[in-house]
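Heads up: the structure comes next, in structure tokens.
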Amino acid sequence: MRTVLRLPNWVGDTILALPAIEALAAGPAEEVILAGRPLPLLLTRHAAPGAPRLAIGPGRPAARWLRDAGALRRRRADRGVLLTPSLSAALWLRAGGVAERIGWPEQGRGFLLTRAVRRGPHGSMHLADEFAALAREAGARPASTVPVLPEAVDEAAVAEGFLGRTVWQNGRQPFIALCPGAVYGWAKQWPIESYAALANRLAGAGLGGIVVGTGPDQDIARRIVEAAASTRWTSAIDVGSILVSAELLRRASAAVSNDSGAMHLAAAVGTPLVAPFGPTHPEWTGPRGDAHSVLWGRPPCSPCFLKQCPYGRPSPCLAGIRPEGVAGEVLQKAGLRGRRAVFLDRDGTLLEPVPYLHDPAQVRLVAGAAAALRAVRDAGFLLVVVTNQSGVARRLFGEDDVARVHARVQETLAAEGAAIDRFYHCPHHPDFTGPCDCRKPEPGLFLRAAADMGIDLHRSIAIGDTLEDLQAANRAGCRPILVRTGYGAQAEQERADRMPRCIEVADDLSHALLGLTQS
């Protein structure tokens, strides 16, 4: 018996059909022929490695259909299994001389089938289970309905090379993949502005990533990367074949994707997912596996399965999903909640002390700081500057001056391959603006950073040159280290009276961080 499998036309459907395809390819048929469009055929490369392929399209519809029907007739297939519900696919099997035709009796094609497998309303059974039911009707027994896409060695090398040039330039840091496309229709697309806000929020948490998609997504990727305003985010559109995209997704700590082929691709390579759903039904086409979160508000008009929403763009059912909520889910899925950080005081610890520093030209790193920061960051720590800047309250300089100084710090560090993940400053002083919770020795800056960046304060370190720095660290729950630069030598003399608790002391930032990396 010779069986032809007419593959689904959609990438996501093909991935969900992989367990059924594998079972059918290993079944009792003497030969299994896979027929479909180029991308589905490529995705089934591992599912039936020895099976002959029959590519469908391109060309004018009528001429293509006749040509493909003739190619099928020459194969002399005895049986056909339709993994797509289209009428044209059933007609193709009939015109190709296939005597036994198994499939769903939809789109008015029931009369063309010799064995019809009925299914319930969308959402009553997952699509992967429906594919498995078709395989069982054809005598195959899928071992599972959770698709798995094995690593493609050649494509993995391409993915590793791309990541090494972009998000992995300074060592293998965790990164996030965003999949904002929706080939089916824009109604399924979480707003581009929401993806951009998410990327910006993740960049603020010290995370970078890639935007994965196809050619039509180029402009979307550009807008997201620009909005993130971070060199850690880059477009991976059309880096290579769809299998290269799969290998990029495999290496991500987590992914965010619409209900699309990319979503199922990420799930099939084992990457934890956060998937915003709107007009479609997650019980029917949601990602398979336990490592994924589906965000679906279940509005009264959903699921409608429309390609374009009659209520406007973006679809209201997706617009209500907030970037900050998605960011929290991403950190959780990626295992990045509870990340370790090094909190750095600025003046006297990271920089040579300059009274009320506000001129970028006066920025000078303490000796050895850049190399030490690079090593700690490569070891997986976030680097966060927390600094009191009462000069703002005293009206000696403004917030813009603080921002320019911090920009200069980043430029100076970047020249030596290092960077700060985020800067936090307190612009207050009790004599000018009243009390606040962010001026050290209060822990407010630490607490804000922990909330923004998913930091576990009890696993983090704080380095400063004043007792106020160390008191803030203690109150936040961090491990304090005093450096002797800046006011540190004086603070070391005073600590017995003001801070009887034993604290660690290092000569400078480099020595403090060196001890940290060695431990």
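Numbering starts fresh at 1 for the residues of each chain in the structure tokens, the chains themselves are lettered A, B, ... in the order given, and ligands are numbered from 1 as they appear.
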Applying 12 Å and only C-alpha atoms, which residues near Gly328 in chain A remain after dropping the ones on its own chain fewer than 5 positions away? List them as a list in words. Leu198, Arg201, Leu202, Ala205, Ala254, Val256, Val274, Ser293, Arg322, Pro323, Lys333, Ala334, Gly335, Leu336, Arg337, Gly338, Ala451, Asp452, Met453, Gly454 and Ile455 of chain A
For Trp104 in chain A, please output as number ranges by chain all residues within 7 Å (counting only C-alpha atoms; exclusion window: fewer than 3 positions along the same chain). A: 85, 116-118
Residue neighbourhood Thr114 in chain A, 7 Å, only C-alpha atoms, exclusion window fewer than 6 positions, as a ChimeraX atom specification: /A:100-102
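Residue nearest Thr387 in chain A, chosen from A:Gly464, A:Gly213, A:Pro435, A:Pro355 and counting only C-alpha atoms: A:Gly464.
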List the spatial neighbours of range 391-395 of chain A as an MDAnalysis selection string - criterion: any atom at most 7 Å away, only C-alpha atoms, same-chain residues fewer than 4 positions off excluded. chainID A and resid 356 399 427:429 432:433
Keeping only N, CA and C atoms, take the residues you just selected and write them out as a compact mmCIF listing (two decimals), in the first residue's frame.
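Generated file (result18.txt):
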```
# COMPACT_ATOMS: atom_id res chain seq x y z
N TYR A 356 29.25 67.29 43.49
CA TYR A 356 28.08 67.63 42.68
C TYR A 356 28.37 67.48 41.17
N GLU A 399 17.76 67.34 36.12
CA GLU A 399 17.64 65.91 35.77
C GLU A 399 18.34 65.60 34.46
N PRO A 427 16.60 62.37 43.51
CA PRO A 427 16.86 63.80 43.29
C PRO A 427 16.50 64.67 44.50
N HIS A 428 16.22 64.03 45.64
CA HIS A 428 15.66 64.77 46.78
C HIS A 428 16.72 65.11 47.83
N HIS A 429 16.33 65.99 48.74
CA HIS A 429 17.07 66.26 49.97
C HIS A 429 16.06 66.75 50.99
N PHE A 432 15.27 70.48 51.38
CA PHE A 432 14.74 71.22 50.23
C PHE A 432 13.43 70.65 49.71
N THR A 433 13.28 69.33 49.78
CA THR A 433 12.08 68.71 49.20
C THR A 433 11.30 67.86 50.20
```
Contacts of Val4 in chain A within 7 Å, only C-alpha atoms, excl. fewer than 2 positions in-chain, as a PyMOL selection string: chain A and resi 2+6+32-35+77+79-81
Could you write out, as a ChimeraX atom specification, all the residues of range 390-457 of chain A that DSSP marks as strand (DSSP E or B)? /A:422-426,455
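For the atom pair formed by CA of Ala135 in chain A and CA of Ala20 in chain A, the distance is 5.5 Å, given to one decimal.
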